[in-house]
Amino acid sequence: MAQRTALADLTADDAEKPDRAVVRDALGVGVAVGLSGFAFGVTSAGSGLGLLQTCALSLLVFTGASQFALVGALAAGGSPFTAAAGAFFLGVRNAFYGLRLSQLLALPRAVRPFAAQWVIDETTAVTLAQPTRRARRIGFTVTGLTLYVLWNLTTLLGALGAKAIGDTRAWGLDAAGPAVFLALLAPMLKTTTERAVAGLAVLLGLALLPVLPAGVPVLVAALAAPIALVAEGRRAGRGRQDIGAAQERGAPPESRAAGGSTDPEEDR
């Protein structure tokens, strides 16, 4: 009874999470990630994109992984088509985020097209962590607004700073894009299957890098997902078969006889 009461009190506390706590958490995520826009601005300028092109990417695309993938492929000498294709495939995940968030937030129809611009990894994570619809809306709005403003501001500063710095490769800033990309990706790899997909994608990309045009290895590395999922499905199927066989071996003789008699006298 005491445990049940304590659980009820804990649930009530979660359901009554103060707005101030939600805003604090959302600001923490928005500020921390928003500042990394400086690295994107520097990387984008170093890849050959102009100031307006760099700022337009952050204003219109606004998804860090896709932006870094695009400028990274361009910096490596890839064609605009392959660079855009790789960025597109990375951005597709936001559509699935939107399907889930549309149910949790239940925003008015007039607001949804504008809110869709803020559907990214960070806003989704903050929203899913909240216990009530009010808290989810606050978390989504504060995270999205903070991150959007800071990301675009630091992108501008990074692009302007890159011109003052000169050759970003001489300062080692060409590694900023991959470093931030890995920092965004690493927290998402929570299961064994996800880690296997990431590891296989890295191996495919590195193996094909010397033989394929720049940007193409990234597209081929996307095959790691279906390969890993098929392997996981087969492994799970074999596991179920082994369990079934073990249960059958350990079952009493009458269950294996499929209803037949187990009495030797009756068989004779």
# chains A, B, ... in the order shown; residues from 1 in each chain; ligands from 1
call {"tool": "residues_around", "arguments": {"residues": "A:Phe38", "least_positions_apart": "6", "cutoff": "12 Å", "atoms": "only C-alpha atoms", "output": "list in words"}}
result
Ala32, Ser44, Ala45, Thr54, Cys55, Ser58, Gly64, Phe68, Leu150, Trp151, Asn152, Leu153, Thr154, Thr155, Leu156, Leu157, Gly158, Ala159, Leu160, Gly161, Ala162, Leu173, Ala176, Gly177 and Val180 of chain A
call {"tool": "select_by_dssp", "arguments": {"residues": "stretch 22-210 of chain A", "states": "alpha helix (DSSP H)", "output": "tab-separated table (two decimals) with N, CA and C atoms, in the first residue's frame"}}
result
chain	number	residue	atom	x	y	z
A	22	VAL	N	10.37	23.21	-17.36
A	22	VAL	CA	10.34	22.87	-18.79
A	22	VAL	C	11.13	23.89	-19.60
A	23	VAL	N	10.93	25.17	-19.29
A	23	VAL	CA	11.64	26.23	-20.00
A	23	VAL	C	13.14	26.12	-19.76
A	24	ARG	N	13.53	25.80	-18.53
A	24	ARG	CA	14.96	25.66	-18.22
A	24	ARG	C	15.60	24.54	-19.04
A	25	ASP	N	14.92	23.40	-19.09
A	25	ASP	CA	15.46	22.27	-19.86
A	25	ASP	C	15.53	22.61	-21.35
A	26	ALA	N	14.49	23.25	-21.85
A	26	ALA	CA	14.45	23.59	-23.27
A	26	ALA	C	15.54	24.60	-23.63
A	27	LEU	N	15.74	25.58	-22.76
A	27	LEU	CA	16.79	26.57	-23.01
A	27	LEU	C	18.17	25.93	-22.99
A	28	GLY	N	18.37	24.98	-22.08
A	28	GLY	CA	19.66	24.31	-22.02
A	28	GLY	C	20.00	23.60	-23.32
A	29	VAL	N	19.02	22.89	-23.87
A	29	VAL	CA	19.24	22.19	-25.14
A	29	VAL	C	19.41	23.18	-26.28
A	30	GLY	N	18.54	24.19	-26.33
A	30	GLY	CA	18.59	25.15	-27.43
A	30	GLY	C	19.89	25.93	-27.48
A	31	VAL	N	20.37	26.37	-26.33
A	31	VAL	CA	21.61	27.15	-26.30
A	31	VAL	C	22.81	26.27	-26.63
A	32	ALA	N	22.86	25.08	-26.03
A	32	ALA	CA	24.02	24.20	-26.23
A	32	ALA	C	24.18	23.82	-27.70
A	33	VAL	N	23.08	23.45	-28.35
A	33	VAL	CA	23.17	23.03	-29.75
A	33	VAL	C	23.23	24.24	-30.68
A	34	GLY	N	22.54	25.31	-30.32
A	34	GLY	CA	22.52	26.49	-31.18
A	34	GLY	C	23.89	27.08	-31.40
A	37	GLY	N	26.17	26.20	-34.43
A	37	GLY	CA	25.98	26.79	-35.75
A	37	GLY	C	27.21	27.54	-36.23
A	38	PHE	N	28.04	28.00	-35.29
A	38	PHE	CA	29.29	28.67	-35.67
A	38	PHE	C	30.18	27.72	-36.46
A	39	ALA	N	30.25	26.46	-36.01
A	39	ALA	CA	31.06	25.47	-36.72
A	39	ALA	C	30.51	25.23	-38.12
A	40	PHE	N	29.18	25.24	-38.25
A	40	PHE	CA	28.62	25.05	-39.58
A	40	PHE	C	28.95	26.23	-40.49
A	41	GLY	N	28.84	27.44	-39.95
A	41	GLY	CA	29.16	28.61	-40.77
A	41	GLY	C	30.59	28.58	-41.28
A	42	VAL	N	31.51	28.21	-40.40
A	42	VAL	CA	32.92	28.13	-40.80
A	42	VAL	C	33.12	27.03	-41.83
A	43	THR	N	32.52	25.87	-41.58
A	43	THR	CA	32.69	24.74	-42.50
A	43	THR	C	32.07	25.03	-43.86
A	44	SER	N	30.90	25.64	-43.86
A	44	SER	CA	30.23	25.95	-45.11
A	44	SER	C	31.03	26.95	-45.94
A	45	ALA	N	31.53	27.98	-45.28
A	45	ALA	CA	32.35	28.96	-46.00
A	45	ALA	C	33.63	28.32	-46.52
A	46	GLY	N	34.20	27.41	-45.74
A	46	GLY	CA	35.41	26.73	-46.17
A	46	GLY	C	35.19	25.79	-47.33
A	51	LEU	N	28.30	33.66	-48.44
A	51	LEU	CA	27.64	34.05	-47.20
A	51	LEU	C	26.13	33.87	-47.30
A	52	LEU	N	25.54	34.31	-48.40
A	52	LEU	CA	24.09	34.19	-48.56
A	52	LEU	C	23.67	32.72	-48.67
A	53	GLN	N	24.45	31.93	-49.37
A	53	GLN	CA	24.12	30.50	-49.49
A	53	GLN	C	24.19	29.80	-48.14
A	54	THR	N	25.21	30.13	-47.36
A	54	THR	CA	25.35	29.52	-46.04
A	54	THR	C	24.19	29.89	-45.13
A	55	CYS	N	23.85	31.17	-45.11
A	55	CYS	CA	22.75	31.62	-44.25
A	55	CYS	C	21.41	31.07	-44.73
A	56	ALA	N	21.24	30.94	-46.05
A	56	ALA	CA	19.99	30.40	-46.58
A	56	ALA	C	19.80	28.95	-46.17
A	64	GLY	N	20.76	20.28	-38.64
A	64	GLY	CA	22.22	20.30	-38.60
A	64	GLY	C	22.89	19.15	-39.33
A	65	ALA	N	22.41	17.93	-39.12
A	65	ALA	CA	23.06	16.77	-39.74
A	65	ALA	C	23.03	16.88	-41.26
A	66	SER	N	21.89	17.26	-41.82
A	66	SER	CA	21.78	17.38	-43.28
A	66	SER	C	22.66	18.51	-43.80
A	67	GLN	N	22.71	19.61	-43.06
A	67	GLN	CA	23.53	20.73	-43.50
A	67	GLN	C	25.01	20.37	-43.51
A	68	PHE	N	25.47	19.71	-42.45
A	68	PHE	CA	26.87	19.31	-42.40
A	68	PHE	C	27.19	18.27	-43.47
A	69	ALA	N	26.24	17.36	-43.73
A	69	ALA	CA	26.46	16.37	-44.78
A	69	ALA	C	26.58	17.03	-46.14
A	70	LEU	N	25.76	18.03	-46.39
A	70	LEU	CA	25.79	18.73	-47.67
A	70	LEU	C	27.11	19.45	-47.90
A	71	VAL	N	27.51	20.27	-46.94
A	71	VAL	CA	28.74	21.04	-47.14
A	71	VAL	C	29.97	20.13	-47.06
A	72	GLY	N	29.87	19.04	-46.29
A	72	GLY	CA	30.99	18.11	-46.23
A	72	GLY	C	31.23	17.43	-47.56
A	73	ALA	N	30.14	17.02	-48.23
A	73	ALA	CA	30.28	16.39	-49.54
A	73	ALA	C	30.80	17.37	-50.57
A	74	LEU	N	30.32	18.61	-50.51
A	74	LEU	CA	30.81	19.63	-51.44
A	74	LEU	C	32.28	19.93	-51.21
A	75	ALA	N	32.68	20.00	-49.94
A	75	ALA	CA	34.08	20.27	-49.63
A	75	ALA	C	34.99	19.16	-50.11
A	80	PRO	N	26.93	18.59	-56.66
A	80	PRO	CA	25.78	19.10	-55.90
A	80	PRO	C	24.64	18.09	-55.78
A	81	PHE	N	24.47	17.24	-56.80
A	81	PHE	CA	23.38	16.26	-56.77
A	81	PHE	C	23.60	15.23	-55.66
A	82	THR	N	24.80	14.65	-55.62
A	82	THR	CA	25.07	13.64	-54.59
A	82	THR	C	25.06	14.26	-53.20
A	83	ALA	N	25.55	15.49	-53.09
A	83	ALA	CA	25.55	16.17	-51.80
A	83	ALA	C	24.12	16.41	-51.32
A	84	ALA	N	23.26	16.88	-52.24
A	84	ALA	CA	21.87	17.14	-51.87
A	84	ALA	C	21.13	15.85	-51.56
A	85	ALA	N	21.45	14.78	-52.30
A	85	ALA	CA	20.78	13.50	-52.06
A	85	ALA	C	21.12	12.96	-50.67
A	86	GLY	N	22.39	13.04	-50.30
A	86	GLY	CA	22.78	12.59	-48.97
A	86	GLY	C	22.11	13.40	-47.87
A	87	ALA	N	22.03	14.71	-48.06
A	87	ALA	CA	21.36	15.57	-47.08
A	87	ALA	C	19.87	15.25	-47.00
A	88	PHE	N	19.28	14.94	-48.15
A	88	PHE	CA	17.85	14.61	-48.17
A	88	PHE	C	17.55	13.35	-47.37
A	89	PHE	N	18.36	12.31	-47.59
A	89	PHE	CA	18.12	11.05	-46.89
A	89	PHE	C	18.27	11.22	-45.38
A	90	LEU	N	19.20	12.05	-44.96
A	90	LEU	CA	19.36	12.30	-43.53
A	90	LEU	C	18.16	13.07	-42.97
A	91	GLY	N	17.58	13.94	-43.78
A	91	GLY	CA	16.47	14.75	-43.31
A	91	GLY	C	15.13	14.05	-43.30
A	93	ARG	N	14.18	11.58	-41.70
A	93	ARG	CA	13.77	11.16	-40.35
A	93	ARG	C	12.87	12.20	-39.70
A	94	ASN	N	13.03	13.48	-40.08
A	94	ASN	CA	12.20	14.52	-39.48
A	94	ASN	C	10.73	14.33	-39.81
A	95	ALA	N	10.45	13.73	-40.97
A	95	ALA	CA	9.05	13.46	-41.32
A	95	ALA	C	8.42	12.48	-40.34
A	96	PHE	N	9.18	11.48	-39.92
A	96	PHE	CA	8.67	10.52	-38.95
A	96	PHE	C	8.51	11.17	-37.57
A	97	TYR	N	9.44	12.08	-37.24
A	97	TYR	CA	9.27	12.83	-36.00
A	97	TYR	C	7.95	13.61	-36.02
A	98	GLY	N	7.67	14.21	-37.18
A	98	GLY	CA	6.47	15.02	-37.29
A	98	GLY	C	5.19	14.22	-37.08
A	99	LEU	N	5.18	12.98	-37.55
A	99	LEU	CA	4.00	12.14	-37.36
A	99	LEU	C	3.71	11.92	-35.88
A	100	ARG	N	4.76	11.73	-35.11
A	100	ARG	CA	4.59	11.50	-33.67
A	100	ARG	C	4.24	12.80	-32.94
A	101	LEU	N	4.94	13.88	-33.28
A	101	LEU	CA	4.71	15.14	-32.59
A	101	LEU	C	3.33	15.72	-32.90
A	102	SER	N	2.81	15.45	-34.08
A	102	SER	CA	1.48	15.97	-34.40
A	102	SER	C	0.42	15.42	-33.46
A	103	GLN	N	0.62	14.20	-32.99
A	103	GLN	CA	-0.32	13.61	-32.04
A	103	GLN	C	-0.12	14.16	-30.63
A	104	LEU	N	1.13	14.37	-30.25
A	104	LEU	CA	1.42	14.82	-28.89
A	104	LEU	C	1.10	16.30	-28.69
A	105	LEU	N	1.37	17.12	-29.71
A	105	LEU	CA	1.19	18.56	-29.57
A	105	LEU	C	-0.23	19.00	-29.92
A	112	ARG	N	0.55	24.50	-37.85
A	112	ARG	CA	1.36	23.32	-38.17
A	112	ARG	C	2.41	23.56	-39.26
A	113	PRO	N	2.10	24.26	-40.36
A	113	PRO	CA	3.15	24.48	-41.37
A	113	PRO	C	4.36	25.22	-40.83
A	114	PHE	N	4.14	26.15	-39.91
A	114	PHE	CA	5.25	26.90	-39.33
A	114	PHE	C	6.00	26.05	-38.30
A	115	ALA	N	5.25	25.27	-37.52
A	115	ALA	CA	5.89	24.41	-36.53
A	115	ALA	C	6.71	23.31	-37.18
A	121	ASP	N	15.78	16.86	-34.31
A	121	ASP	CA	16.14	15.93	-33.24
A	121	ASP	C	15.93	16.54	-31.86
A	122	GLU	N	16.43	17.76	-31.67
A	122	GLU	CA	16.43	18.35	-30.33
A	122	GLU	C	15.02	18.69	-29.85
A	123	THR	N	14.20	19.29	-30.71
A	123	THR	CA	12.84	19.62	-30.29
A	123	THR	C	12.03	18.35	-30.02
A	124	THR	N	12.28	17.32	-30.81
A	124	THR	CA	11.58	16.05	-30.58
A	124	THR	C	11.97	15.44	-29.24
A	125	ALA	N	13.26	15.46	-28.93
A	125	ALA	CA	13.73	14.88	-27.67
A	125	ALA	C	13.13	15.61	-26.48
A	126	VAL	N	13.12	16.94	-26.52
A	126	VAL	CA	12.58	17.72	-25.41
A	126	VAL	C	11.08	17.49	-25.28
A	127	THR	N	10.38	17.43	-26.40
A	127	THR	CA	8.93	17.24	-26.37
A	127	THR	C	8.56	15.88	-25.79
A	128	LEU	N	9.24	14.84	-26.22
A	128	LEU	CA	8.92	13.50	-25.74
A	128	LEU	C	9.21	13.32	-24.26
A	133	ARG	N	0.53	17.65	-22.19
A	133	ARG	CA	0.48	18.35	-23.47
A	133	ARG	C	0.94	19.80	-23.32
A	134	ARG	N	0.56	20.44	-22.23
A	134	ARG	CA	1.00	21.82	-22.01
A	134	ARG	C	2.53	21.89	-21.93
A	135	ALA	N	3.13	20.98	-21.17
A	135	ALA	CA	4.58	20.97	-21.04
A	135	ALA	C	5.25	20.65	-22.38
A	136	ARG	N	4.64	19.78	-23.16
A	136	ARG	CA	5.21	19.44	-24.47
A	136	ARG	C	5.19	20.65	-25.40
A	137	ARG	N	4.10	21.37	-25.38
A	137	ARG	CA	4.02	22.56	-26.25
A	137	ARG	C	5.04	23.61	-25.83
A	138	ILE	N	5.19	23.80	-24.53
A	138	ILE	CA	6.18	24.76	-24.05
A	138	ILE	C	7.59	24.32	-24.42
A	139	GLY	N	7.89	23.05	-24.18
A	139	GLY	CA	9.22	22.53	-24.50
A	139	GLY	C	9.54	22.63	-25.98
A	140	PHE	N	8.57	22.28	-26.82
A	140	PHE	CA	8.79	22.35	-28.26
A	140	PHE	C	9.01	23.79	-28.71
A	141	THR	N	8.18	24.70	-28.22
A	141	THR	CA	8.26	26.10	-28.66
A	141	THR	C	9.55	26.76	-28.21
A	142	VAL	N	9.89	26.59	-26.94
A	142	VAL	CA	11.09	27.24	-26.41
A	142	VAL	C	12.35	26.66	-27.05
A	143	THR	N	12.40	25.34	-27.19
A	143	THR	CA	13.57	24.72	-27.82
A	143	THR	C	13.69	25.16	-29.27
A	144	GLY	N	12.59	25.11	-30.01
A	144	GLY	CA	12.62	25.48	-31.42
A	144	GLY	C	13.00	26.93	-31.64
A	145	LEU	N	12.40	27.83	-30.86
A	145	LEU	CA	12.69	29.26	-31.03
A	145	LEU	C	14.14	29.58	-30.66
A	146	THR	N	14.58	29.07	-29.51
A	146	THR	CA	15.95	29.34	-29.07
A	146	THR	C	16.97	28.79	-30.06
A	147	LEU	N	16.75	27.56	-30.47
A	147	LEU	CA	17.70	26.92	-31.37
A	147	LEU	C	17.71	27.58	-32.75
A	148	TYR	N	16.54	27.95	-33.24
A	148	TYR	CA	16.46	28.57	-34.57
A	148	TYR	C	17.18	29.92	-34.59
A	149	VAL	N	16.94	30.72	-33.57
A	149	VAL	CA	17.56	32.05	-33.52
A	149	VAL	C	19.08	31.92	-33.36
A	150	LEU	N	19.51	31.11	-32.40
A	150	LEU	CA	20.95	30.98	-32.15
A	150	LEU	C	21.67	30.30	-33.31
A	151	TRP	N	21.05	29.27	-33.89
A	151	TRP	CA	21.69	28.55	-34.99
A	151	TRP	C	21.94	29.49	-36.17
A	152	ASN	N	20.96	30.31	-36.50
A	152	ASN	CA	21.12	31.22	-37.63
A	152	ASN	C	22.09	32.35	-37.31
A	153	LEU	N	22.05	32.84	-36.08
A	153	LEU	CA	22.97	33.91	-35.69
A	153	LEU	C	24.42	33.41	-35.70
A	154	THR	N	24.65	32.25	-35.11
A	154	THR	CA	26.02	31.73	-35.07
A	154	THR	C	26.49	31.26	-36.45
A	155	THR	N	25.55	30.84	-37.30
A	155	THR	CA	25.93	30.52	-38.69
A	155	THR	C	26.48	31.76	-39.38
A	156	LEU	N	25.80	32.88	-39.21
A	156	LEU	CA	26.26	34.14	-39.80
A	156	LEU	C	27.63	34.52	-39.26
A	157	LEU	N	27.79	34.42	-37.94
A	157	LEU	CA	29.08	34.78	-37.34
A	157	LEU	C	30.19	33.84	-37.82
A	158	GLY	N	29.87	32.56	-37.94
A	158	GLY	CA	30.87	31.61	-38.41
A	158	GLY	C	31.29	31.87	-39.84
A	159	ALA	N	30.31	32.18	-40.70
A	159	ALA	CA	30.64	32.46	-42.10
A	159	ALA	C	31.47	33.74	-42.22
A	160	LEU	N	31.13	34.75	-41.44
A	160	LEU	CA	31.92	35.98	-41.46
A	160	LEU	C	33.31	35.75	-40.87
A	161	GLY	N	33.37	34.96	-39.81
A	161	GLY	CA	34.66	34.67	-39.20
A	161	GLY	C	35.57	33.86	-40.10
A	162	ALA	N	34.97	33.00	-40.93
A	162	ALA	CA	35.78	32.18	-41.83
A	162	ALA	C	36.53	33.04	-42.83
A	163	LYS	N	35.91	34.13	-43.25
A	163	LYS	CA	36.59	35.04	-44.19
A	163	LYS	C	37.79	35.70	-43.52
A	164	ALA	N	37.63	36.04	-42.25
A	164	ALA	CA	38.75	36.66	-41.54
A	164	ALA	C	39.86	35.65	-41.25
A	165	ILE	N	39.46	34.40	-41.01
A	165	ILE	CA	40.44	33.35	-40.72
A	165	ILE	C	41.25	32.99	-41.95
A	176	ALA	N	35.66	20.43	-38.18
A	176	ALA	CA	34.58	20.84	-37.28
A	176	ALA	C	33.26	20.20	-37.69
A	177	GLY	N	33.00	20.13	-38.99
A	177	GLY	CA	31.75	19.55	-39.46
A	177	GLY	C	31.59	18.10	-39.05
A	178	PRO	N	32.54	17.22	-39.41
A	178	PRO	CA	32.42	15.83	-38.98
A	178	PRO	C	32.36	15.66	-37.46
A	179	ALA	N	33.09	16.50	-36.73
A	179	ALA	CA	33.10	16.38	-35.27
A	179	ALA	C	31.73	16.69	-34.69
A	180	VAL	N	31.12	17.78	-35.15
A	180	VAL	CA	29.79	18.13	-34.65
A	180	VAL	C	28.76	17.11	-35.10
A	181	PHE	N	28.91	16.61	-36.33
A	181	PHE	CA	27.99	15.59	-36.83
A	181	PHE	C	28.03	14.35	-35.94
A	182	LEU	N	29.22	13.91	-35.58
A	182	LEU	CA	29.35	12.74	-34.71
A	182	LEU	C	28.79	13.03	-33.32
A	183	ALA	N	28.98	14.26	-32.85
A	183	ALA	CA	28.44	14.62	-31.54
A	183	ALA	C	26.92	14.58	-31.53
A	184	LEU	N	26.30	14.95	-32.65
A	184	LEU	CA	24.84	14.89	-32.75
A	184	LEU	C	24.35	13.45	-32.91
A	185	LEU	N	25.15	12.63	-33.57
A	185	LEU	CA	24.73	11.27	-33.87
A	185	LEU	C	24.90	10.32	-32.69
A	192	THR	N	21.72	-2.04	-29.72
A	192	THR	CA	22.77	-2.78	-30.43
A	192	THR	C	22.58	-2.69	-31.93
A	193	THR	N	21.33	-2.76	-32.38
A	193	THR	CA	21.07	-2.67	-33.82
A	193	THR	C	21.49	-1.32	-34.37
A	194	GLU	N	21.20	-0.25	-33.65
A	194	GLU	CA	21.58	1.09	-34.11
A	194	GLU	C	23.09	1.23	-34.18
A	195	ARG	N	23.79	0.68	-33.20
A	195	ARG	CA	25.26	0.74	-33.23
A	195	ARG	C	25.80	-0.09	-34.39
A	196	ALA	N	25.16	-1.22	-34.65
A	196	ALA	CA	25.61	-2.06	-35.77
A	196	ALA	C	25.42	-1.35	-37.10
A	197	VAL	N	24.29	-0.65	-37.25
A	197	VAL	CA	24.05	0.11	-38.48
A	197	VAL	C	25.10	1.19	-38.65
A	198	ALA	N	25.39	1.92	-37.57
A	198	ALA	CA	26.39	2.99	-37.65
A	198	ALA	C	27.77	2.43	-37.98
A	199	GLY	N	28.15	1.34	-37.33
A	199	GLY	CA	29.46	0.75	-37.59
A	199	GLY	C	29.59	0.24	-39.01
A	200	LEU	N	28.54	-0.42	-39.51
A	200	LEU	CA	28.58	-0.93	-40.88
A	200	LEU	C	28.62	0.22	-41.89
A	201	ALA	N	27.88	1.29	-41.60
A	201	ALA	CA	27.89	2.45	-42.50
A	201	ALA	C	29.28	3.07	-42.57
A	202	VAL	N	29.96	3.14	-41.43
A	202	VAL	CA	31.33	3.68	-41.42
A	202	VAL	C	32.25	2.80	-42.26
A	203	LEU	N	32.14	1.49	-42.09
A	203	LEU	CA	33.00	0.58	-42.86
A	203	LEU	C	32.74	0.69	-44.36
A	204	LEU	N	31.46	0.77	-44.74
A	204	LEU	CA	31.13	0.90	-46.16
A	204	LEU	C	31.66	2.21	-46.72
A	205	GLY	N	31.47	3.29	-45.96
A	205	GLY	CA	31.93	4.59	-46.44
A	205	GLY	C	33.44	4.64	-46.61
A	206	LEU	N	34.17	4.12	-45.63
A	206	LEU	CA	35.63	4.15	-45.70
A	206	LEU	C	36.15	3.23	-46.81
A	207	ALA	N	35.50	2.08	-46.99
A	207	ALA	CA	35.97	1.14	-48.00
A	207	ALA	C	35.74	1.66	-49.42
A	208	LEU	N	34.64	2.39	-49.61
A	208	LEU	CA	34.30	2.87	-50.95
A	208	LEU	C	34.86	4.26	-51.25
call {"tool": "atom_distance", "arguments": {"atom1": "atom CA of A:Thr132", "atom2": "atom CA of A:Asp19"}}
result
10.7 Å
